[in-house]
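Printed here is coords_25.cif (mmCIF, C-alpha atoms; chains and numbers go by the auth columns):
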```cif
data_work
loop_
_atom_site.group_PDB
_atom_site.id
_atom_site.type_symbol
_atom_site.label_atom_id
_atom_site.label_comp_id
_atom_site.label_asym_id
_atom_site.label_seq_id
_atom_site.Cartn_x
_atom_site.Cartn_y
_atom_site.Cartn_z
_atom_site.B_iso_or_equiv
_atom_site.auth_seq_id
_atom_site.auth_asym_id
ATOM 1 C CA MET A 1 -1.322 -13.400 -0.291 0.00 1 A
ATOM 2 C CA LYS A 2 0.518 -14.327 -3.481 0.00 2 A
ATOM 3 C CA THR A 3 -2.604 -13.718 -5.553 0.00 3 A
ATOM 4 C CA ALA A 4 -3.695 -10.624 -3.649 0.00 4 A
ATOM 5 C CA ILE A 5 -0.775 -8.449 -4.749 0.00 5 A
ATOM 6 C CA PRO A 6 -1.168 -9.027 -8.519 0.00 6 A
ATOM 7 C CA LEU A 7 -4.920 -8.618 -8.151 0.00 7 A
ATOM 8 C CA LEU A 8 -4.450 -5.322 -6.298 0.00 8 A
ATOM 9 C CA LEU A 9 -2.002 -4.086 -8.929 0.00 9 A
ATOM 10 C CA GLY A 10 -4.469 -4.999 -11.668 0.00 10 A
ATOM 11 C CA VAL A 11 -7.293 -3.123 -9.963 0.00 11 A
ATOM 12 C CA LEU A 12 -5.066 -0.078 -9.466 0.00 12 A
ATOM 13 C CA LEU A 13 -4.032 -0.197 -13.116 0.00 13 A
ATOM 14 C CA LEU A 14 -7.633 -0.377 -14.315 0.00 14 A
ATOM 15 C CA GLY A 15 -8.571 2.463 -11.965 0.00 15 A
ATOM 16 C CA GLN A 16 -5.860 4.674 -13.441 0.00 16 A
ATOM 17 C CA LEU A 17 -7.070 3.944 -16.962 0.00 17 A
ATOM 18 C CA ALA A 18 -10.682 4.664 -16.058 0.00 18 A
ATOM 19 C CA VAL A 19 -9.955 8.231 -14.972 0.00 19 A
ATOM 20 C CA ALA A 20 -8.079 9.241 -18.125 0.00 20 A
ATOM 21 C CA PRO A 21 -9.651 12.299 -19.796 0.00 21 A
ATOM 22 C CA ALA A 22 -11.440 11.716 -23.082 0.00 22 A
ATOM 23 C CA ASP A 23 -9.269 14.107 -25.095 0.00 23 A
ATOM 24 C CA ALA A 24 -6.089 12.434 -23.874 0.00 24 A
ATOM 25 C CA ALA A 25 -7.506 9.018 -24.774 0.00 25 A
ATOM 26 C CA ALA A 26 -8.141 10.184 -28.327 0.00 26 A
ATOM 27 C CA ASN A 27 -4.458 11.055 -28.842 0.00 27 A
ATOM 28 C CA GLU A 28 -3.011 7.880 -27.325 0.00 28 A
ATOM 29 C CA ASN A 29 -3.406 4.284 -28.281 0.00 29 A
ATOM 30 C CA THR A 30 -4.253 1.563 -25.801 0.00 30 A
ATOM 31 C CA SER A 31 -0.686 0.373 -25.334 0.00 31 A
ATOM 32 C CA GLN A 32 0.412 3.886 -24.336 0.00 32 A
ATOM 33 C CA GLN A 33 -2.454 4.162 -21.868 0.00 33 A
ATOM 34 C CA VAL A 34 -1.535 0.797 -20.355 0.00 34 A
ATOM 35 C CA ALA A 35 2.125 1.801 -20.131 0.00 35 A
ATOM 36 C CA TYR A 36 1.320 5.093 -18.407 0.00 36 A
ATOM 37 C CA GLY A 37 -1.099 3.316 -16.073 0.00 37 A
ATOM 38 C CA ALA A 38 1.480 0.688 -15.155 0.00 38 A
ATOM 39 C CA GLY A 39 4.127 3.365 -14.712 0.00 39 A
ATOM 40 C CA SER A 40 1.868 5.345 -12.413 0.00 40 A
ATOM 41 C CA VAL A 41 1.142 2.262 -10.295 0.00 41 A
ATOM 42 C CA PHE A 42 4.847 1.432 -10.040 0.00 42 A
ATOM 43 C CA GLY A 43 5.724 5.057 -9.352 0.00 43 A
ATOM 44 C CA THR A 44 3.117 5.254 -6.605 0.00 44 A
ATOM 45 C CA LEU A 45 4.404 2.036 -5.039 0.00 45 A
ATOM 46 C CA VAL A 46 7.898 3.534 -4.865 0.00 46 A
ATOM 47 C CA TYR A 47 6.910 7.115 -3.994 0.00 47 A
ATOM 48 C CA SER A 48 4.249 6.521 -1.308 0.00 48 A
ATOM 49 C CA PRO A 49 6.499 4.855 1.307 0.00 49 A
ATOM 50 C CA VAL A 50 9.010 7.691 0.944 0.00 50 A
ATOM 51 C CA LYS A 51 6.218 10.244 1.320 0.00 51 A
ATOM 52 C CA ALA A 52 4.799 8.361 4.331 0.00 52 A
ATOM 53 C CA SER A 53 8.226 8.349 6.002 0.00 53 A
ATOM 54 C CA PHE A 54 8.525 12.088 5.424 0.00 54 A
ATOM 55 C CA CYS A 55 5.052 12.600 6.895 0.00 55 A
ATOM 56 C CA ILE A 56 5.934 10.567 9.996 0.00 56 A
ATOM 57 C CA LEU A 57 9.165 12.493 10.485 0.00 57 A
ATOM 58 C CA SER A 58 7.337 15.807 10.125 0.00 58 A
ATOM 59 C CA GLY A 59 4.834 14.597 12.726 0.00 59 A
ATOM 60 C CA VAL A 60 7.659 13.875 15.148 0.00 60 A
ATOM 61 C CA ALA A 61 9.237 17.253 14.409 0.00 61 A
ATOM 62 C CA GLY A 62 5.828 18.891 14.823 0.00 62 A
ATOM 63 C CA ALA A 63 5.420 17.273 18.241 0.00 63 A
ATOM 64 C CA PHE A 64 8.697 18.795 19.421 0.00 64 A
ATOM 65 C CA THR A 65 7.818 22.121 17.809 0.00 65 A
ATOM 66 C CA ALA A 66 4.431 22.154 19.580 0.00 66 A
ATOM 67 C CA ILE A 67 6.211 22.639 22.900 0.00 67 A
ATOM 68 C CA GLY A 68 7.300 26.119 21.871 0.00 68 A
ATOM 69 C CA SER A 69 4.830 27.134 19.183 0.00 69 A
ATOM 70 C CA PRO A 70 1.666 25.127 18.438 0.00 70 A
ATOM 71 C CA SER A 71 0.830 27.178 15.340 0.00 71 A
ATOM 72 C CA THR A 72 4.239 26.498 13.842 0.00 72 A
ATOM 73 C CA ALA A 73 3.850 22.810 14.660 0.00 73 A
ATOM 74 C CA GLY A 74 0.695 22.711 12.555 0.00 74 A
ATOM 75 C CA LYS A 75 2.579 24.223 9.643 0.00 75 A
ATOM 76 C CA VAL A 76 5.391 21.687 9.977 0.00 76 A
ATOM 77 C CA VAL A 77 2.996 18.739 9.960 0.00 77 A
ATOM 78 C CA GLY A 78 0.892 20.270 7.187 0.00 78 A
ATOM 79 C CA ALA A 79 3.944 20.734 5.010 0.00 79 A
ATOM 80 C CA GLY A 80 5.191 17.199 5.592 0.00 80 A
ATOM 81 C CA CYS A 81 1.897 15.393 5.201 0.00 81 A
ATOM 82 C CA GLY A 82 0.349 17.615 2.526 0.00 82 A
ATOM 83 C CA GLY A 83 1.073 17.572 -1.146 0.00 83 A
ATOM 84 C CA THR A 84 0.937 14.764 -3.674 0.00 84 A
ATOM 85 C CA TRP A 85 0.549 11.198 -2.426 0.00 85 A
ATOM 86 C CA GLU A 86 0.204 9.364 -5.736 0.00 86 A
ATOM 87 C CA ILE A 87 1.853 9.372 -9.103 0.00 87 A
ATOM 88 C CA THR A 88 -0.769 9.674 -11.845 0.00 88 A
ATOM 89 C CA PRO A 89 -0.406 9.233 -15.603 0.00 89 A
ATOM 90 C CA GLY A 90 -0.686 13.020 -15.865 0.00 90 A
ATOM 91 C CA VAL A 91 2.444 13.375 -13.747 0.00 91 A
ATOM 92 C CA LEU A 92 4.316 10.964 -15.995 0.00 92 A
ATOM 93 C CA LYS A 93 3.215 12.899 -19.080 0.00 93 A
ATOM 94 C CA GLY A 94 4.302 16.218 -17.564 0.00 94 A
ATOM 95 C CA ARG A 95 0.765 17.647 -17.332 0.00 95 A
ATOM 96 C CA GLU A 96 0.737 17.708 -13.518 0.00 96 A
ATOM 97 C CA GLN A 97 3.385 18.481 -10.924 0.00 97 A
ATOM 98 C CA VAL A 98 4.387 16.428 -7.917 0.00 98 A
ATOM 99 C CA LYS A 99 4.337 18.530 -4.770 0.00 99 A
ATOM 100 C CA PHE A 100 6.426 16.618 -2.244 0.00 100 A
ATOM 101 C CA VAL A 101 5.969 19.336 0.378 0.00 101 A
ATOM 102 C CA GLY A 102 2.452 20.630 1.033 0.00 102 A
ATOM 103 C CA GLU A 103 1.251 24.183 1.543 0.00 103 A
ATOM 104 C CA THR A 104 2.475 25.883 4.714 0.00 104 A
ATOM 105 C CA THR A 105 0.036 28.818 4.818 0.00 105 A
ATOM 106 C CA ARG A 106 -2.628 28.828 7.504 0.00 106 A
#
```
As structure tokens:
Amino acid sequence: MKTAIPLLLGVLLLGQLAVAPADAAANENTSQQVAYGAGSVFGTLVYSPVKASFCILSGVAGAFTAIGSPSTAGKVVGAGCGGTWEITPGVLKGREQVKFVGETTR
């Protein structure tokens, strides 16, 4: 288990670097790309449990809401569980937005 966590973090970091757009890679050196990749991995590790907790709470609220209005319950759960689940390098650079709450239109 002690080796699995660093290995997983390394794979996540390499995955973030692999999806960087070509024009962004031309303007940044390798150390900046690595820093943004590491920041996105760390940010995702911190953000995802908070987002998962919010999703679970919206599911519980949706279950109680379903008693009175099933369509509204779907909107509650959709809002809580929708949106951004990971922090990407684009978010750290300000090119993308984090949407903590998902779309509520149905």
| request: Would you list the contacts of Gly82 of chain A as a list in words, taking every protein, DNA or RNA residue within 10 Å and counting only C-alpha atoms, but skipping same-chain residues closer than 6 positions in sequence? | output: Lys51, Cys55, Lys75, Val76, Lys99, Phe100, Val101, Gly102, Glu103 and Thr104 of chain A
| field | Distance of atom CA of Glu86 of chain A from atom CA of Thr44 of chain A, expressed in Å to one decimal place | value |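 Computing the Euclidean distance for atom CA of Thr44 of chain A and atom CA of Glu86 of chain A yields 5.1 Å.
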| message | Can you measure atom CA of Gly39 of chain A to atom CA of Phe54 of chain A for me? One decimal in Å is fine. | response |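 Result for atom CA of Gly39 of chain A versus atom CA of Phe54 of chain A: 22.4 Å, one decimal.
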| field | Å distance separating atom CA of Gln97 of chain A from atom CA of Ala61 of chain A, one decimal place | value |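 Taking atom CA of Gln97 of chain A as the start and atom CA of Ala61 of chain A as the end point, the length is 26.0 Å.
For the choices A:Gly43, A:Ala52, A:Thr30, A:Ala35, the atom-to-atom distance to Thr88 of chain A is smallest for A:Gly43 when using all atoms listed in the file.
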Using the file's own x, y and z axes, what box holds all listed atoms of segment 35-38 of chain A with 5 Å on each side, keeping edges along x, y and z, and what are its centre and edge lengths in Å to one decimal, as JSON?
```
{"center_x": 0.5, "center_y": 2.9, "center_z": -17.6, "size_x": 13.2, "size_y": 14.4, "size_z": 15.0}
```
| said: Restricting the calculation to only C-alpha atoms: of A:Tyr36, A:Ser31, A:Ala63, A:Ser69, which residue gets closest to Gly94 of chain A? | reply: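 So, comparing all the options, the nearest one is A:Tyr36.
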| message | Report as a VMD selection string all protein, DNA and RNA residues lying within 6 Å of Ser58 of chain A, evaluated on only C-alpha atoms, omitting residues in the same chain fewer than 4 positions from it. | response | chain A and resid 62 77 80
| Nearest to Thr84 of chain A, chosen from A:Ala38, A:Ala66, A:Val50, A:Leu57, with only C-alpha atoms counted in the distances |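 Answer, going by the shortest atom-to-atom distance: A:Val50.
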